$ cat final29.cif   # mmCIF, C-alpha atoms
data_target
loop_
_atom_site.label_atom_id
_atom_site.label_comp_id
_atom_site.auth_asym_id
_atom_site.auth_seq_id
_atom_site.Cartn_x
_atom_site.Cartn_y
_atom_site.Cartn_z
CA MET R 662 -9.35 -2.29 20.75
CA ILE R 663 -5.56 -2.08 20.76
CA ASN R 664 -3.70 0.77 22.41
CA LYS R 665 -3.45 3.88 20.27
CA ASP R 666 0.25 4.05 21.11
CA ASP R 667 0.84 0.63 19.57
CA SER R 668 1.47 2.04 16.09
CA PHE R 669 4.89 0.33 16.17
CA SER R 670 2.90 -2.80 15.33
CA PHE R 671 2.73 -1.56 11.74
CA LEU R 672 6.23 -2.95 11.32
CA TYR R 673 5.01 -6.52 11.52
CA ASN R 674 1.39 -6.01 10.38
CA PRO R 675 -0.56 -7.69 13.17
CA ARG R 676 -3.58 -9.78 12.30
CA ILE R 677 -6.11 -7.61 14.12
CA VAL R 678 -9.75 -7.54 13.10
CA VAL R 679 -11.97 -4.46 13.37
CA PRO R 680 -15.29 -5.63 14.88
CA ASN R 681 -18.13 -5.21 12.40
CA SER R 682 -16.10 -3.34 9.79
CA ASN R 683 -19.31 -3.12 7.72
CA GLN R 684 -20.52 -0.37 10.07
CA TYR R 685 -18.25 2.15 8.34
CA TRP R 686 -19.83 1.64 4.91
CA GLU R 687 -23.29 2.07 3.49
CA LYS R 688 -22.72 -1.07 1.46
CA VAL R 689 -19.99 -3.31 0.04
CA GLU R 690 -20.09 -4.84 -3.43
CA LEU R 691 -18.16 -7.81 -4.79
CA CYS R 692 -16.82 -7.01 -8.26
CA HIS R 693 -14.95 -9.04 -10.87
CA VAL R 694 -12.41 -8.24 -13.57
CA ASP R 695 -13.31 -10.50 -16.47
CA SER R 696 -9.82 -10.47 -17.99
CA LEU R 697 -8.38 -11.89 -14.75
CA ALA R 698 -10.81 -14.82 -14.57
CA GLY R 699 -9.02 -17.99 -13.52
CA VAL R 700 -5.92 -16.18 -12.22
CA LYS R 701 -4.90 -17.09 -8.68
CA GLU R 702 -2.13 -15.68 -6.53
CA VAL R 703 -0.02 -17.39 -3.89
CA PHE R 704 -1.18 -16.87 -0.31
CA CYS R 705 0.50 -18.03 2.87
CA GLU R 706 -1.04 -18.71 6.26
CA VAL R 707 -0.55 -15.14 7.50
CA ASN R 708 -1.88 -13.08 4.59
CA CYS R 709 -5.20 -14.60 3.66
CA GLN R 710 -8.24 -12.40 4.33
CA LEU R 711 -9.00 -12.31 8.05
CA ASP R 712 -11.83 -9.81 8.60
CA PRO R 713 -15.11 -11.82 8.90
CA ASN R 714 -17.13 -9.16 7.06
CA ILE R 715 -14.63 -9.02 4.20
CA ILE R 716 -14.47 -12.82 4.01
CA ASP R 717 -18.26 -12.89 3.85
CA HIS R 718 -18.27 -10.45 0.92
CA PHE R 719 -15.55 -12.32 -0.96
CA GLY R 720 -16.99 -15.72 -0.04
CA THR R 721 -13.52 -17.03 0.77
CA ARG R 722 -10.34 -16.23 2.70
CA PHE R 723 -8.34 -16.73 -0.51
CA PRO R 724 -9.98 -14.63 -3.25
CA ALA R 725 -8.94 -15.12 -6.86
CA ALA R 726 -7.19 -12.26 -8.63
CA ASP R 727 -10.30 -11.29 -10.59
CA ALA R 728 -12.18 -10.32 -7.40
CA TYR R 729 -12.13 -7.10 -5.42
CA LEU R 730 -14.51 -5.28 -3.10
CA LEU R 731 -15.93 -1.82 -3.71
CA HIS R 732 -16.96 -0.05 -0.50
CA TYR R 733 -19.51 2.76 -0.58
CA ALA R 734 -19.25 5.41 2.16
CA ARG R 735 -22.37 7.18 3.38
CA GLY R 736 -23.23 10.11 1.14
CA TRP R 737 -21.66 8.48 -1.91
CA ASN R 738 -24.57 9.65 -4.07
CA SER R 739 -25.60 12.83 -2.26
CA ASN R 740 -22.66 14.75 -0.79
CA ARG R 741 -21.96 18.15 -2.28
CA HIS R 742 -18.62 17.47 -4.03
CA GLU R 743 -19.66 15.78 -7.25
CA VAL R 744 -16.30 14.28 -8.29
CA PRO R 745 -16.11 10.94 -6.44
CA VAL R 746 -13.04 9.98 -4.41
CA LEU R 747 -11.63 6.45 -4.52
CA LEU R 748 -9.35 5.43 -1.63
CA VAL R 749 -6.68 2.81 -2.36
CA HIS R 750 -5.11 0.91 0.54
CA GLY R 751 -1.52 -0.17 1.04
CA ALA R 752 0.22 -3.47 1.72
CA GLY R 753 -1.15 -5.78 4.38
CA LEU R 754 -4.28 -3.67 4.71
CA ASP R 755 -7.80 -3.32 3.32
CA ALA R 756 -10.42 -0.58 3.06
CA THR R 757 -10.82 -0.58 6.85
CA SER R 758 -7.40 1.08 7.11
CA TYR R 759 -9.13 4.31 6.06
CA THR R 760 -11.81 4.00 8.76
CA ASN R 761 -10.52 2.46 12.00
CA LEU R 762 -7.07 1.03 11.42
CA TRP R 763 -6.51 -2.05 13.62
CA ASP R 764 -9.39 -0.93 15.85
CA MET R 765 -7.18 1.81 17.33
CA GLY R 766 -10.16 4.14 17.66
CA TYR R 767 -9.01 6.93 15.38
CA THR R 768 -11.39 8.67 12.97
CA GLY R 769 -10.04 7.67 9.59
CA LEU R 770 -9.53 9.66 6.42
CA GLN R 771 -12.75 8.19 5.00
CA GLN R 772 -14.97 9.63 7.73
CA GLN R 773 -13.17 12.96 7.64
CA LEU R 774 -13.62 13.30 3.87
CA VAL R 775 -17.28 12.30 4.14
CA SER R 776 -17.82 14.99 6.76
CA LEU R 777 -16.23 17.49 4.36
CA GLY R 778 -18.83 16.62 1.74
CA TYR R 779 -16.99 14.17 -0.51
CA ARG R 780 -18.53 11.16 -2.23
CA VAL R 781 -16.14 8.48 -1.04
CA PHE R 782 -15.51 4.92 -2.18
CA SER R 783 -12.70 2.49 -1.39
CA VAL R 784 -11.36 -0.78 -2.74
CA THR R 785 -10.23 -3.90 -0.95
CA PHE R 786 -7.86 -5.84 -3.16
CA SER R 787 -8.14 -9.62 -3.28
CA HIS R 788 -4.59 -10.05 -1.92
CA SER R 789 -3.17 -7.61 0.61
CA HIS R 790 0.35 -8.06 -0.80
CA GLY R 791 -0.77 -8.85 -4.32
CA ASP R 792 0.79 -8.39 -7.72
CA ASN R 793 0.69 -4.69 -8.55
CA PHE R 794 -0.31 -5.31 -12.18
CA TYR R 795 -3.35 -7.33 -11.08
CA GLN R 796 -4.22 -4.64 -8.57
CA ALA R 797 -3.89 -1.99 -11.29
CA MET R 798 -6.51 -3.88 -13.29
CA GLN R 799 -8.78 -4.18 -10.25
CA LEU R 800 -8.36 -0.44 -9.64
CA ALA R 801 -9.17 0.41 -13.27
CA ASP R 802 -12.33 -1.66 -13.01
CA ALA R 803 -13.26 0.05 -9.72
CA ILE R 804 -12.82 3.49 -11.30
CA ASP R 805 -15.09 2.47 -14.16
CA ARG R 806 -17.68 1.12 -11.70
CA VAL R 807 -17.63 4.35 -9.64
CA LYS R 808 -18.20 6.35 -12.82
CA GLN R 809 -21.19 4.17 -13.69
CA LEU R 810 -22.65 4.57 -10.21
CA THR R 811 -22.24 8.34 -9.97
CA GLY R 812 -22.44 9.49 -13.58
CA ALA R 813 -19.13 11.32 -13.10
CA GLY R 814 -16.73 11.62 -16.01
CA THR R 815 -13.63 11.36 -13.82
CA VAL R 816 -12.63 10.12 -10.37
CA ASP R 817 -10.08 11.42 -7.85
CA VAL R 818 -7.74 8.69 -6.58
CA VAL R 819 -6.13 8.87 -3.13
CA ALA R 820 -3.56 6.12 -2.54
CA HIS R 821 -1.52 5.09 0.49
CA SER R 822 1.85 3.33 0.35
CA LYS R 823 1.99 0.31 -2.02
CA GLY R 824 -1.49 1.13 -3.33
CA GLY R 825 0.02 4.09 -5.14
CA ILE R 826 2.23 1.77 -7.21
CA ALA R 827 -0.80 -0.07 -8.61
CA ALA R 828 -2.35 3.32 -9.36
CA ARG R 829 0.80 4.52 -11.14
CA ILE R 830 0.82 1.42 -13.33
CA TYR R 831 -2.69 2.21 -14.54
CA LEU R 832 -2.18 5.98 -14.83
CA SER R 833 1.09 5.43 -16.72
CA ASN R 834 -0.72 3.16 -19.19
CA MET R 835 1.46 0.20 -18.22
CA SER R 836 -1.48 -2.02 -17.26
CA ALA R 837 -3.16 -4.64 -19.40
CA THR R 838 -6.19 -2.38 -18.93
CA ALA R 839 -5.42 0.72 -21.00
CA TYR R 840 -5.76 4.07 -19.26
CA ARG R 841 -9.19 5.56 -20.05
CA ASN R 842 -8.64 9.25 -19.20
CA ASP R 843 -10.88 8.80 -16.17
CA VAL R 844 -8.79 10.23 -13.31
CA ARG R 845 -8.81 13.94 -12.52
CA ARG R 846 -6.48 14.10 -9.51
CA PHE R 847 -4.01 11.59 -8.08
CA VAL R 848 -3.08 12.11 -4.42
CA THR R 849 -0.30 9.97 -2.92
CA LEU R 850 0.28 9.39 0.80
CA GLY R 851 3.67 7.89 1.64
CA VAL R 852 3.90 6.03 -1.67
CA PRO R 853 7.37 4.54 -2.35
CA ASN R 854 7.61 6.20 -5.76
CA LEU R 855 11.29 5.29 -6.02
CA GLY R 856 10.84 1.96 -4.28
CA THR R 857 11.93 0.64 -0.92
CA ASP R 858 14.54 -1.68 0.53
CA PHE R 859 12.97 -1.72 4.01
CA ALA R 860 12.80 -5.50 4.48
CA PHE R 861 16.44 -5.94 3.46
CA ARG R 862 17.67 -2.88 5.35
CA ASN R 863 15.92 -3.90 8.59
CA PRO R 864 16.33 -7.68 8.77
CA SER R 865 16.17 -7.86 12.57
CA ILE R 866 12.43 -7.33 12.40
CA SER R 867 12.05 -10.49 10.30
CA TYR R 868 12.36 -12.65 13.40
CA LEU R 869 9.58 -10.69 15.10
CA ILE R 870 7.36 -10.95 12.03
CA TYR R 871 7.88 -14.71 11.85
CA THR R 872 7.36 -15.47 15.53
CA ALA R 873 4.39 -13.09 15.89
CA GLY R 874 2.67 -14.50 12.79
CA GLY R 875 2.55 -11.04 11.29
CA ASN R 876 1.42 -10.15 7.77
CA GLY R 877 4.76 -8.49 7.07
CA VAL R 878 7.59 -8.90 4.59
CA ILE R 879 10.52 -11.20 5.41
CA ALA R 880 13.77 -10.95 3.42
CA TRP R 881 14.96 -14.41 4.47
CA ASP R 882 14.05 -17.78 2.98
CA LYS R 883 15.52 -19.79 5.86
CA LEU R 884 16.04 -19.10 9.53
CA ILE R 885 17.23 -20.92 12.62
CA TYR R 886 14.24 -21.32 14.89
CA LEU R 887 14.16 -23.30 18.12
CA THR R 888 16.36 -26.32 17.42
CA GLY R 889 16.71 -26.30 13.65
CA THR R 890 16.69 -24.52 10.33
CA VAL R 891 13.24 -23.73 8.94
CA ASP R 892 12.43 -23.13 5.28
CA ILE R 893 10.21 -20.05 5.35
CA THR R 894 9.98 -19.49 1.59
CA PRO R 895 6.14 -19.38 1.71
CA ARG R 896 6.40 -16.31 3.96
CA SER R 897 9.28 -14.68 2.12
CA ILE R 898 9.58 -11.98 -0.52
CA TYR R 899 11.01 -14.42 -3.07
CA ALA R 900 9.41 -16.52 -5.81
CA GLY R 901 7.06 -19.03 -4.22
CA GLY R 902 6.29 -16.73 -1.32
CA GLY R 903 2.94 -15.22 -0.45
CA PHE R 904 4.06 -11.62 -1.10
CA PRO R 905 4.08 -11.36 -4.90
CA GLY R 906 3.69 -7.58 -5.02
CA GLN R 907 6.50 -6.79 -2.61
CA SER R 908 9.43 -7.80 -4.80
CA GLN R 909 8.00 -5.48 -7.46
CA ILE R 910 8.44 -2.37 -5.31
CA LEU R 911 12.05 -3.06 -4.31
CA TYR R 912 14.79 -0.57 -5.14
CA ARG R 913 18.37 -0.41 -3.90
CA TRP R 914 19.19 2.50 -1.62
CA ASP R 915 22.51 1.23 -0.26
CA ASP R 916 24.49 3.69 -2.42
CA GLU R 917 22.47 6.56 -0.98
CA TYR R 918 22.16 5.50 2.66
CA ASN R 919 24.57 3.24 4.53
CA LEU R 920 23.26 0.00 5.94
CA ASP R 921 22.92 -0.45 9.69
CA VAL R 922 25.72 -2.79 10.75
CA SER R 923 24.00 -3.38 14.09
CA GLN R 924 21.18 -5.27 12.34
CA GLN R 925 21.19 -9.06 12.64
CA ASP R 926 22.81 -10.62 9.52
CA TRP R 927 22.84 -7.21 7.83
CA TRP R 928 25.37 -8.07 5.12
CA THR R 929 24.07 -11.49 4.11
CA THR R 930 20.47 -10.29 4.14
CA TYR R 931 21.09 -7.42 1.73
CA TYR R 932 23.65 -9.03 -0.55
CA GLY R 933 22.75 -12.70 -0.17
CA GLY R 934 24.17 -15.64 1.73
CA SER R 935 24.04 -17.42 5.06
CA GLY R 936 24.25 -15.44 8.27
CA TYR R 937 24.19 -16.42 11.92
CA VAL R 938 20.43 -17.05 12.05
CA SER R 939 19.24 -16.75 8.48
CA HIS R 940 19.72 -17.24 4.77
CA SER R 941 18.85 -14.64 2.15
CA GLN R 942 18.88 -14.70 -1.63
CA GLY R 943 19.73 -10.99 -1.56
CA ILE R 944 17.95 -7.89 -2.77
CA GLU R 945 19.13 -8.19 -6.37
CA ALA R 946 17.54 -11.62 -6.72
CA ALA R 947 14.30 -10.29 -5.24
CA ILE R 948 14.32 -7.27 -7.57
CA MET R 949 14.67 -9.59 -10.55
CA THR R 950 11.80 -11.72 -9.23
CA GLY R 951 9.68 -8.58 -9.28
CA GLY R 952 10.70 -7.67 -12.82
CA ASN R 953 12.46 -4.47 -11.70
CA LEU R 954 9.13 -2.62 -11.76
CA ILE R 955 10.37 0.62 -10.21
CA ALA R 956 12.93 1.05 -12.98
CA GLY R 957 10.12 0.48 -15.48
CA LEU R 958 7.87 3.06 -13.85
CA GLU R 959 10.71 5.58 -13.99
CA LYS R 960 10.50 5.42 -17.79
CA HIS R 961 6.80 6.33 -17.92
CA GLY R 962 4.91 9.45 -16.95
CA ILE R 963 1.32 9.50 -15.80
CA ASN R 964 -1.24 10.89 -18.21
CA ALA R 965 -0.82 14.60 -18.97
CA ASP R 966 -4.40 15.48 -17.93
CA ILE R 967 -3.88 14.35 -14.34
CA GLU R 968 -3.16 16.71 -11.46
CA LEU R 969 -0.68 15.15 -9.01
CA SER R 970 -0.32 15.86 -5.29
CA VAL R 971 2.34 14.13 -3.20
CA LEU R 972 2.64 13.92 0.58
CA ALA R 973 5.61 12.47 2.45
CA GLY R 974 5.80 11.80 6.16
CA GLU R 975 8.78 12.83 8.25
CA SER R 976 8.30 11.24 11.64
CA HIS R 977 10.30 8.15 12.48
CA LEU R 978 8.56 7.56 15.82
CA PHE R 979 6.26 4.57 16.18
CA ALA R 980 4.80 4.44 19.70
CA MET R 981 7.82 6.44 20.89
CA ILE R 982 10.17 3.91 19.33
CA PRO R 983 12.57 5.58 16.86
CA LEU R 984 13.11 3.85 13.53
CA GLN R 985 15.69 4.70 10.86
CA THR R 986 16.51 7.93 12.65
CA SER R 987 19.46 8.70 10.37
CA ILE R 988 17.34 8.59 7.20
CA PRO R 989 14.60 11.17 6.57
CA GLY R 990 11.25 9.49 6.11
CA ASP R 991 8.05 8.29 7.73
CA GLY R 992 9.65 5.30 9.43
CA ILE R 993 8.86 2.99 6.52
CA VAL R 994 9.24 4.94 3.26
CA PHE R 995 12.15 7.31 2.70
CA ARG R 996 11.16 10.93 2.16
CA GLU R 997 13.23 11.02 -1.03
CA SER R 998 11.32 8.03 -2.41
CA ALA R 999 7.90 9.43 -1.56
CA LEU R 1000 8.78 12.80 -3.13
CA ASN R 1001 10.18 11.32 -6.34
CA THR R 1002 7.92 12.86 -8.99
CA ASP R 1003 10.16 13.59 -11.99
CA ALA R 1004 9.12 10.48 -13.88
CA MET R 1005 5.42 10.92 -13.11
CA VAL R 1006 5.31 14.45 -14.53
CA SER R 1007 7.59 13.71 -17.49
CA GLY R 1008 4.58 13.32 -19.78
CA GLY R 1009 3.08 16.66 -18.87
CA ALA R 1010 1.03 15.89 -15.75
CA ASN R 1011 0.61 18.91 -13.50
CA LEU R 1012 2.28 18.75 -10.07
CA LYS R 1013 -0.32 20.49 -7.91
CA ASP R 1014 1.49 20.16 -4.58
CA LYS R 1015 4.41 18.36 -2.98
CA ARG R 1016 4.52 18.47 0.79
CA VAL R 1017 6.33 17.01 3.79
CA MET R 1018 4.47 16.60 7.08
CA THR R 1019 5.65 15.46 10.51
CA VAL R 1020 3.64 12.24 10.63
CA ASN R 1021 4.63 8.59 10.43
CA HIS R 1022 3.56 6.07 7.83
CA ILE R 1023 0.32 4.98 9.48
CA GLU R 1024 -0.68 8.46 10.63
CA LEU R 1025 -1.05 9.28 6.94
CA LEU R 1026 -4.29 7.28 7.15
CA TYR R 1027 -6.05 9.31 9.81
CA HIS R 1028 -4.18 12.39 11.04
CA PRO R 1029 -6.42 15.50 10.84
CA ARG R 1030 -3.63 17.57 9.26
CA VAL R 1031 -3.35 14.96 6.51
CA ALA R 1032 -7.12 15.10 5.96
CA ARG R 1033 -7.03 18.89 5.69
CA TRP R 1034 -4.21 18.69 3.15
CA VAL R 1035 -6.08 16.05 1.11
CA ASP R 1036 -9.15 18.29 1.20
CA ARG R 1037 -7.12 21.16 -0.28
CA GLN R 1038 -5.92 18.91 -3.10
CA LEU R 1039 -9.42 17.68 -3.97
CA ARG R 1040 -11.40 20.91 -3.67
CA ASN R 1041 -12.43 22.69 -6.84
CA ASP R 1042 -10.36 25.83 -7.32
CA ASP R 1043 -13.50 27.92 -7.31
#
$ encode --input "final29.cif" --output "structure tokens"
Amino acid sequence: MINKDDSFSFLYNPRIVVPNSNQYWEKVELCHVDSLAGVKEVFCEVNCQLDPNIIDHFGTRFPAADAYLLHYARGWNSNRHEVPVLLVHGAGLDATSYTNLWDMGYTGLQQQLVSLGYRVFSVTFSHSHGDNFYQAMQLADAIDRVKQLTGAGTVDVVAHSKGGIAARIYLSNMSATAYRNDVRRFVTLGVPNLGTDFAFRNPSISYLIYTAGGNGVIAWDKLIYLTGTVDITPRSIYAGGGFPGQSQILYRWDDEYNLDVSQQDWWTTYYGGSGYVSHSQGIEAAIMTGGNLIAGLEKHGINADIELSVLAGESHLFAMIPLQTSIPGDGIVFRESALNTDAMVSGGANLKDKRVMTVNHIELLYHPRVARWVDRQLRNDD
């Protein structure tokens, strides 16, 4: 078990396995999306599946894009709230993030919702940093499967961080799988609804990610390491790298918030070029690699029948280490990005609640105040 105060490690996504992650689920099912058969995504050495239980369920460390796991929490077919809840994980994570993130010993949102009487499921995507359109199709299939299992007509979706972007693609009818009017409520936890430029704004952490072997995003394609220059494209955010979904969620915030000139190679990282220890293609090139998805999402509302609830964190402390103190947010996602709902409700969706809470990005996965807020969003009004 790692120290509970080591939440700063989220910044470089350590490769930490939760012992016997199966213990948190009644069962885990391998599912397939037929329309994605034969599609494979690029992995690198640090973002293949690592959890032995999850590898066993997938049958490989490098699952194809048609595969995902559906996790059943205890009480999935008997708890008193009949509308099932589907938890969607963020980047670099899996369903275990909702149970015992990085074996830190916290009681996760899954267990707290189960104790409140919800019928809870979760997905594990095939690729922890995968293409958001593929993940939207996996999510649509998971929703359909949960409906089959429970007999429910609709499902409530709770999404953390990047997982909310895949959900928005499906709910905005932008996926190859057409929206099926099967989601009642959509609850977002620290989702970068207006994108993020974190990797480009904070390049100094790229060296830590690389040397620690972390499953985190690097905005450089070359760096000076030991005695020479190393091509790190396979671990970068650019084309050919093992982070295909990350370029899709990029958005420029440099006009809104000044860059930190104390960061290593801050100018060349954001705008492109060679710095003292690195080379970057720049954020614009990465946005184009990702097809400028955020701009596309801003042109589409989610379905009018959906009730939307949005939670943003506002603590920049990770293990007592301040991060981005001059910019309001949860240490990873800007508050303004997480609270950006105008596009989502433009088609008539009902904004049920929009809230800011003093928690950081990973505390959104387990903090009791977050669980109580989620409970309020999911409860029937009666």
$ resolve_selection --input "final29.cif" --expression "the PyMOL selection byres ((chain R and resi 994) around 8)" --output "MDAnalysis selection string"
chainID R and resid 851:853 857 859 990:993 995:996 998:999 1022
$ closest_residue --input "final29.cif" --among "R:Arg913, R:Arg722, R:Lys808, R:His961" --to "Tyr831 of chain R" --atoms "all atoms listed in the file"
R:His961
$ atom_distance --input "final29.cif" --atom1 "atom CA of Tyr840 of chain R" --atom2 "atom CA of Gly951 of chain R"
22.3 Å
$ closest_residue --input "final29.cif" --among "R:Thr888, R:Asn738, R:Ser787, R:Asn761" --to "Leu810 of chain R" --atoms "all atoms listed in the file"
R:Asn738
$ residues_around --input "final29.cif" --residues "Lys688 of chain R" --least-positions-apart "5" --cutoff "8 Å" --atoms "all atoms listed in the file" --output "mmCIF file with C-alpha atoms, in the frame of the given file"
data_model
loop_
_atom_site.group_PDB
_atom_site.id
_atom_site.type_symbol
_atom_site.label_atom_id
_atom_site.label_comp_id
_atom_site.auth_asym_id
_atom_site.auth_seq_id
_atom_site.Cartn_x
_atom_site.Cartn_y
_atom_site.Cartn_z
ATOM 1 C CA ASN R 683 -19.310 -3.120 7.720
ATOM 2 C CA HIS R 732 -16.960 -0.050 -0.500
ATOM 3 C CA TYR R 733 -19.510 2.760 -0.580
ATOM 4 C CA ALA R 734 -19.250 5.410 2.160
#
$ decode --input "final29.cif" --residues "segment 866-886 of chain R" --atoms "N, CA and C atoms" --output "PDB file, in the first residue's frame"
ATOM      1  N   ILE R 866       7.350  18.470 -15.557  1.00  0.00           N
ATOM      2  CA  ILE R 866       7.004  17.139 -15.048  1.00  0.00           C
ATOM      3  C   ILE R 866       7.301  16.039 -16.065  1.00  0.00           C
ATOM      4  N   SER R 867       7.492  16.410 -17.331  1.00  0.00           N
ATOM      5  CA  SER R 867       7.761  15.406 -18.355  1.00  0.00           C
ATOM      6  C   SER R 867       9.017  14.604 -18.043  1.00  0.00           C
ATOM      7  N   TYR R 868      10.038  15.262 -17.495  1.00  0.00           N
ATOM      8  CA  TYR R 868      11.262  14.545 -17.157  1.00  0.00           C
ATOM      9  C   TYR R 868      10.999  13.510 -16.069  1.00  0.00           C
ATOM     10  N   LEU R 869      10.187  13.891 -15.074  1.00  0.00           N
ATOM     11  CA  LEU R 869       9.840  12.952 -14.006  1.00  0.00           C
ATOM     12  C   LEU R 869       9.042  11.776 -14.551  1.00  0.00           C
ATOM     13  N   ILE R 870       8.074  12.054 -15.422  1.00  0.00           N
ATOM     14  CA  ILE R 870       7.281  10.987 -16.015  1.00  0.00           C
ATOM     15  C   ILE R 870       8.183  10.001 -16.758  1.00  0.00           C
ATOM     16  N   TYR R 871       9.112  10.539 -17.550  1.00  0.00           N
ATOM     17  CA  TYR R 871       9.979   9.678 -18.352  1.00  0.00           C
ATOM     18  C   TYR R 871      10.890   8.828 -17.473  1.00  0.00           C
ATOM     19  N   THR R 872      11.553   9.466 -16.505  1.00  0.00           N
ATOM     20  CA  THR R 872      12.529   8.729 -15.710  1.00  0.00           C
ATOM     21  C   THR R 872      11.854   7.760 -14.735  1.00  0.00           C
ATOM     22  N   ALA R 873      10.640   8.096 -14.293  1.00  0.00           N
ATOM     23  CA  ALA R 873       9.930   7.220 -13.357  1.00  0.00           C
ATOM     24  C   ALA R 873       9.177   6.105 -14.064  1.00  0.00           C
ATOM     25  N   GLY R 874       9.106   6.159 -15.406  1.00  0.00           N
ATOM     26  CA  GLY R 874       8.349   5.154 -16.138  1.00  0.00           C
ATOM     27  C   GLY R 874       6.865   5.272 -15.885  1.00  0.00           C
ATOM     28  N   GLY R 875       6.396   6.507 -15.721  1.00  0.00           N
ATOM     29  CA  GLY R 875       4.999   6.736 -15.404  1.00  0.00           C
ATOM     30  C   GLY R 875       4.092   6.683 -16.618  1.00  0.00           C
ATOM     31  N   ASN R 876       2.830   6.338 -16.368  1.00  0.00           N
ATOM     32  CA  ASN R 876       1.812   6.282 -17.420  1.00  0.00           C
ATOM     33  C   ASN R 876       1.169   7.658 -17.555  1.00  0.00           C
ATOM     34  N   GLY R 877       2.001   8.659 -17.814  1.00  0.00           N
ATOM     35  CA  GLY R 877       1.549  10.030 -17.932  1.00  0.00           C
ATOM     36  C   GLY R 877       1.893  10.620 -19.283  1.00  0.00           C
ATOM     37  N   VAL R 878       1.357  11.808 -19.538  1.00  0.00           N
ATOM     38  CA  VAL R 878       1.449  12.433 -20.856  1.00  0.00           C
ATOM     39  C   VAL R 878       2.706  13.299 -20.939  1.00  0.00           C
ATOM     40  N   ILE R 879       3.470  13.127 -22.006  1.00  0.00           N
ATOM     41  CA  ILE R 879       4.686  13.899 -22.235  1.00  0.00           C
ATOM     42  C   ILE R 879       4.506  14.734 -23.504  1.00  0.00           C
ATOM     43  N   ALA R 880       4.781  16.033 -23.386  1.00  0.00           N
ATOM     44  CA  ALA R 880       4.585  16.954 -24.513  1.00  0.00           C
ATOM     45  C   ALA R 880       5.838  17.109 -25.357  1.00  0.00           C
ATOM     46  N   TRP R 881       6.844  16.313 -25.104  1.00  0.00           N
ATOM     47  CA  TRP R 881       8.083  16.341 -25.888  1.00  0.00           C
ATOM     48  C   TRP R 881       8.180  15.086 -26.750  1.00  0.00           C
ATOM     49  N   ASP R 882       8.859  15.195 -27.895  1.00  0.00           N
ATOM     50  CA  ASP R 882       9.154  14.003 -28.686  1.00  0.00           C
ATOM     51  C   ASP R 882      10.631  13.636 -28.650  1.00  0.00           C
ATOM     52  N   LYS R 883      11.446  14.535 -28.099  1.00  0.00           N
ATOM     53  CA  LYS R 883      12.867  14.251 -27.891  1.00  0.00           C
ATOM     54  C   LYS R 883      13.286  14.907 -26.591  1.00  0.00           C
ATOM     55  N   LEU R 884      14.237  14.269 -25.912  1.00  0.00           N
ATOM     56  CA  LEU R 884      14.817  14.900 -24.725  1.00  0.00           C
ATOM     57  C   LEU R 884      16.262  14.477 -24.582  1.00  0.00           C
ATOM     58  N   ILE R 885      17.026  15.303 -23.876  1.00  0.00           N
ATOM     59  CA  ILE R 885      18.414  14.983 -23.580  1.00  0.00           C
ATOM     60  C   ILE R 885      18.424  14.182 -22.289  1.00  0.00           C
ATOM     61  N   TYR R 886      18.898  12.968 -22.370  1.00  0.00           N
ATOM     62  CA  TYR R 886      18.892  12.075 -21.217  1.00  0.00           C
ATOM     63  C   TYR R 886      20.241  11.391 -21.116  1.00  0.00           C
TER      64      TYR R 886
END
